[in-house]
Amino acid sequence: METQRFRYPRVRFRTSAGRDITFESGMARGGAGWRTGEVVSVRYRRDQPEVAELDSFTSLWGPTLLFELLAAVFVALGAGLWFGLIPV
């Protein structure tokens with residue numbers, strides 16, 4: 001059985017000023033997430049095109065939603081302990 005690998009795509013794009021930029025995305029996807037040559041949308045600042053990221057919901061909101069979920073779990077556990085709903 002093949003193990004699933006996470007891949008960080010390497011993206012090459014040309015800015016509106018004509019500069020060619022290559023970067024590796026900070027968001028990984030498992031399995032066959034991306035294919036070589038696939039066209040993707042990229043977000044970048046005009047003054048710092050090297051600091052770019054894929055323009056997707058997961059890239060933009062994934063880390064925030066993950067931390068919010070973890071915070072909600074800890075708040076629920078703390079409240080449960082505080083109000084005696086979870087025995088110590």
# chains A, B, ... in the order shown; residues from 1 in each chain; ligands from 1
$ residues_around --residues "region 47-50 of chain A" --least-positions-apart "6" --cutoff "8 Å" --atoms "only C-alpha atoms" --output "VMD selection string"
chain A and resid 15 21 to 23
$ select_by_dssp --residues "chain A" --states "alpha helix (DSSP H)" --output "list of chain:residue names"
A:Phe57, A:Thr58, A:Ser59, A:Leu60, A:Trp61, A:Gly62, A:Pro63, A:Thr64, A:Leu65, A:Leu66, A:Phe67, A:Glu68, A:Leu69, A:Leu70, A:Ala71, A:Ala72, A:Val73, A:Phe74, A:Val75, A:Ala76, A:Leu77, A:Gly78, A:Ala79, A:Gly80, A:Leu81, A:Trp82
$ write_last_selection --atoms "C-alpha atoms" --output "PDB file, in the first residue's frame"
ATOM      1  CA  PHE A  57      -9.660  29.511   0.442  1.00  0.00           C
ATOM      2  CA  THR A  58      -7.375  27.026   2.202  1.00  0.00           C
ATOM      3  CA  SER A  59      -4.251  29.132   1.670  1.00  0.00           C
ATOM      4  CA  LEU A  60      -5.939  32.294   2.889  1.00  0.00           C
ATOM      5  CA  TRP A  61      -8.078  31.005   5.773  1.00  0.00           C
ATOM      6  CA  GLY A  62      -6.785  27.505   6.628  1.00  0.00           C
ATOM      7  CA  PRO A  63      -4.312  28.482   9.380  1.00  0.00           C
ATOM      8  CA  THR A  64      -6.787  30.921  10.943  1.00  0.00           C
ATOM      9  CA  LEU A  65      -9.594  28.361  10.998  1.00  0.00           C
ATOM     10  CA  LEU A  66      -7.283  25.714  12.450  1.00  0.00           C
ATOM     11  CA  PHE A  67      -6.237  27.986  15.335  1.00  0.00           C
ATOM     12  CA  GLU A  68      -9.868  29.011  15.939  1.00  0.00           C
ATOM     13  CA  LEU A  69     -10.871  25.347  16.144  1.00  0.00           C
ATOM     14  CA  LEU A  70      -8.075  24.612  18.627  1.00  0.00           C
ATOM     15  CA  ALA A  71      -9.037  27.674  20.697  1.00  0.00           C
ATOM     16  CA  ALA A  72     -12.689  26.558  20.766  1.00  0.00           C
ATOM     17  CA  VAL A  73     -11.660  23.095  22.012  1.00  0.00           C
ATOM     18  CA  PHE A  74      -9.543  24.578  24.822  1.00  0.00           C
ATOM     19  CA  VAL A  75     -12.291  27.043  25.797  1.00  0.00           C
ATOM     20  CA  ALA A  76     -14.850  24.219  25.885  1.00  0.00           C
ATOM     21  CA  LEU A  77     -12.551  22.055  28.026  1.00  0.00           C
ATOM     22  CA  GLY A  78     -11.802  24.955  30.371  1.00  0.00           C
ATOM     23  CA  ALA A  79     -15.486  25.830  30.725  1.00  0.00           C
ATOM     24  CA  GLY A  80     -16.335  22.186  31.327  1.00  0.00           C
ATOM     25  CA  LEU A  81     -13.756  21.991  34.100  1.00  0.00           C
ATOM     26  CA  TRP A  82     -14.796  25.356  35.573  1.00  0.00           C
TER      27      TRP A  82
END
$ residues_around --residues "Arg45 (chain A)" --least-positions-apart "6" --cutoff "12 Å" --atoms "only C-alpha atoms" --output "tab-separated table (two decimals) with N, CA and C atoms, in the first residue's frame"
chain	number	residue	atom	x	y	z
A	15	THR	N	4.95	38.59	-13.07
A	15	THR	CA	4.24	39.72	-12.49
A	15	THR	C	3.74	40.65	-13.58
A	16	SER	N	2.90	41.60	-13.16
A	16	SER	CA	2.39	42.58	-14.13
A	16	SER	C	3.52	43.46	-14.66
A	17	ALA	N	4.64	43.54	-13.89
A	17	ALA	CA	5.81	44.32	-14.33
A	17	ALA	C	6.74	43.50	-15.22
A	51	VAL	N	7.01	37.24	-2.04
A	51	VAL	CA	6.17	36.76	-0.94
A	51	VAL	C	4.78	36.52	-1.52
A	52	ALA	N	4.63	35.41	-2.19
A	52	ALA	CA	3.39	35.09	-2.89
A	52	ALA	C	2.77	33.84	-2.28
A	53	GLU	N	1.51	33.61	-2.59
A	53	GLU	CA	0.81	32.41	-2.12
A	53	GLU	C	-0.29	32.09	-3.12
$ atom_distance --atom1 "CA of Trp34 (chain A)" --atom2 "CA of Arg19 (chain A)"
23.8 Å
$ select_by_dssp --residues "region 3-88 of chain A" --states "strand (DSSP E or B)" --output "PyMOL selection string"
chain A and resi 6-7+10-14+20-24+29-30+42-45+48-54
$ residues_around --residues "Arg7 (chain A)" --least-positions-apart "2" --cutoff "7 Å" --atoms "only C-alpha atoms" --output "JSON list (two decimals) with N, CA and C atoms, in the first residue's frame"
[["chain", "number", "residue", "atom", "x", "y", "z"],
["A", 5, "ARG", "N", 1.79, 11.12, 0.34],
["A", 5, "ARG", "CA", 2.76, 12.18, 0.60],
["A", 5, "ARG", "C", 2.08, 13.53, 0.48],
["A", 9, "PRO", "N", 3.50, 22.72, -3.63],
["A", 9, "PRO", "CA", 3.73, 23.03, -5.05],
["A", 9, "PRO", "C", 4.73, 24.16, -5.25],
["A", 28, "ALA", "N", 0.42, 22.62, 1.83],
["A", 28, "ALA", "CA", 0.61, 21.33, 1.18],
["A", 28, "ALA", "C", -0.73, 20.68, 0.90],
["A", 29, "ARG", "N", -0.72, 19.77, -0.02],
["A", 29, "ARG", "CA", -1.91, 18.98, -0.32],
["A", 29, "ARG", "C", -1.45, 17.55, -0.51],
["A", 30, "GLY", "N", -2.22, 16.62, 0.00],
["A", 30, "GLY", "CA", -1.85, 15.21, -0.09],
["A", 30, "GLY", "C", -2.25, 14.59, -1.41]]
